[in-house]
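Peer 1: Dumping the structure here so I can ask a few things about it.
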Amino acid sequence: MNRTKGDEEEYWNSSKFKAFTFDDEDDELSQLKESKRAVNSLRDFVDDDDDEDLERVSWSGEPVGSISWSIKETAGNSGSSHEGREQLKNRNSFSYAQLPKPTSTYSLSSFFRGRTRPGSFQSLSDALSDTPAKSYAPELGRPKGEYRDYSNEWSPSDTVRRLRKGKVCSLERFRSLQDKLQLLEEAVSMHDGNVITAVLIFLKRTLSKEILFRELEVRQIALRHFIHFLKEIGDQKLLLDLFKFLDRTEELALSHYREHLNIQDPEKRKEFLKTCIGLPFSAEDSAHIQDHYTLLERQIIIEANDRHLESAGQTEIFRKHPRKASILNMPLVTTLFYSCFYHYMEAEGTFSSPINLKKTFKIPDKQYVLTALAARAKLRAWHDVDALFTTKNWLGYTKKRAPIGFHRVVEILHKNSAPVQILQEYVNLVEDVDTKLNLATKFKCHDVVIDTCRDLKDRQQLLAYRSKVDKGSAEEEKIDTILSSSQIRWKN
């Protein structure tokens, strides 16, 4: 074929294909990313029931009546069936050829909802039915990194970091023992108790007890978390097996003793506590276990006897003050208060006697006096209160003594509405003068305040207190008499 020189130059210097440049590709890629962001930003409005408020934009970001490219028009640019097969083969790879921008006939909501809007807009199913079978619209591929959430490609360190951030990730991909132990090491190094516990739950479910105990034995931090976890969920059986494996006899005994909390029947609980007495506790704990068994044994006897007396209705104390609850499984101090309330005058030889309880369980004097005072003051048995603090010396002289201090006695008596005469008697027994004056003023023990101020020869304080008593009362007359006395040498 003969060509002139000019035709040859034009043939070689022209082409119907556009040359590749990095700038063009970057521009088109940026347009693609911009369009993807535009679509994603509109997803929040898709579920809104009012479609009229949606603004439709083109792929370039220009607001129009609908999306600027259509499936039909894009499919028409695909060329031949061979190109269609190539695009089907490479759907995940996007061609960065220039996209056409004519006005589309599809609404944005129809792409997401699949329903037809009234008017001229088509539904997505109608659009697809008009599209040639050999043509395919380009897809916006999800970045590969986003698929890692679902593909379980995370390393142990990445998995632990995600757990710490509260993200959901599966641990099932860690199948080998080495991977599971590496996951545990990463969790421990992160110093997050929740993450460590989550990994331990996974190991508890996927490893045998022997292997799990063996590996935890050399990892003390994880072991402590695992023991705490078992205590929280109440898995006593596994906890006992763990203590046996670790040869922790004392902790094993305490864990076994803790099981009594799950036994409701008093007789069965008593028998269970009896089996705990011979376990390898420390000396102090062994004494507590023995006391617990003895106390429950006493409570069962007292409860049965008092229930019978109360139902018979022949005992005055039970008629005036019916019992509000059972004494079973109550603490020692509560049991002592109960005995001081209902059985205070019983002989020492009975199980329900307060003195018997005091000697059997070696209750300190302060605790006994405090409990007995509260019980007898609640019953307003003031004679018993007085006898509680009265002692005799070897010469037969009586003296009041309070191991808890008379200031506490006064507070308890006032709390139980003791008469002023009784309060004044015990306020006078307070040794510290300032404490005595404060208590007497607080509880309106006027005679104590007046006599103390007179003994202190404090005229100013007595005058100040005169304004606090009722006018024309006996207390005011007493103060006036003391102030007018010439035998007192006032210090102020």
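All residue names refer to the structure tokens as shown: chains lettered A, B, ... in order, residues numbered from 1 in each chain, ligands numbered from 1 in order.
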Any idea what's packed within 12 Å of Arg162 in chain A, counting only C-alpha atoms, ignoring anything in its chain fewer than 3 positions away? Could you give it as an mmCIF file with C-alpha atoms, in the first residue's frame?
Peer 2:
```cif
data_model
loop_
_atom_site.group_PDB
_atom_site.id
_atom_site.type_symbol
_atom_site.label_atom_id
_atom_site.label_comp_id
_atom_site.auth_asym_id
_atom_site.auth_seq_id
_atom_site.Cartn_x
_atom_site.Cartn_y
_atom_site.Cartn_z
ATOM 1 C CA ASP A 149 -11.848 -8.694 60.433
ATOM 2 C CA TRP A 154 -4.775 -11.640 62.973
ATOM 3 C CA SER A 155 -1.601 -12.590 64.788
ATOM 4 C CA PRO A 156 -1.721 -13.256 68.571
ATOM 5 C CA SER A 157 -0.456 -9.754 69.344
ATOM 6 C CA ASP A 158 -2.986 -8.169 66.969
ATOM 7 C CA THR A 159 -5.774 -10.289 68.459
ATOM 8 C CA LYS A 165 -10.081 -2.241 72.399
ATOM 9 C CA GLY A 166 -13.317 -4.174 72.863
ATOM 10 C CA LYS A 167 -13.517 -5.416 69.282
ATOM 11 C CA VAL A 168 -14.967 -8.802 68.444
ATOM 12 C CA CYS A 169 -12.539 -11.347 67.101
ATOM 13 C CA SER A 170 -12.574 -15.128 67.051
ATOM 14 C CA LEU A 171 -9.952 -17.144 68.912
ATOM 15 C CA GLU A 186 0.596 -11.645 74.784
ATOM 16 C CA ALA A 187 -2.448 -11.151 77.007
ATOM 17 C CA MET A 190 -0.689 -6.399 77.963
ATOM 18 C CA VAL A 195 -8.185 -9.767 78.144
#
```
Peer 1: Excluding range 359-362 of chain A and residues on its chain fewer than 2 positions from it, collect all residues at most 9 Å away from it, counting only C-alpha atoms, and give them as a tab-separated table (two decimals) with C-alpha atoms, in the first residue's frame.
Peer 2:
```
chain	number	residue	atom	x	y	z
A	291	ASP	CA	-16.22	-22.76	116.73
A	295	LEU	CA	-22.10	-22.54	117.30
A	332	LEU	CA	-21.76	-15.27	117.13
A	354	PRO	CA	-25.15	-15.74	127.75
A	355	ILE	CA	-22.49	-16.62	130.32
A	356	ASN	CA	-22.19	-20.10	128.79
A	357	LEU	CA	-21.71	-18.59	125.33
A	364	PRO	CA	-13.89	-10.66	125.40
```
Peer 1: Could you list, with a cut-off of 8 Å and counting only C-alpha atoms, the residues of range 332-399 of chain A near range 412-423 of chain A, each shown with its nearest atom pair and the distance in Å rounded to one decimal, rows sorted by chain and ascending number, as a Markdown table?
Peer 2:
```
| residue | atom | partner | partner_atom | distance |
| --- | --- | --- | --- | --- |
| A:Leu373 | CA | A:Ile412 | CA | 7.8 |
| A:Ala374 | CA | A:Ile412 | CA | 6.8 |
| A:Ala377 | CA | A:Asn416 | CA | 6.1 |
| A:Lys378 | CA | A:Asn416 | CA | 5.8 |
| A:Arg380 | CA | A:Ala418 | CA | 7.4 |
```
Peer 1: Report as an MDAnalysis selection string all protein, DNA and RNA residues lying within 8 Å of Ile301 in chain A, evaluated on only C-alpha atoms, omitting residues in the same chain fewer than 4 positions from it.
Peer 2: chainID A and resid 297 305 351
Peer 1: Do a neighbour search on Val369 in chain A at 10 Å with only C-alpha atoms, toss out local chain neighbours closer than 4 positions, and write the hits as a PyMOL selection string.
Peer 2: chain A and resi 363-365+373-375+385+388-389+402-404+409
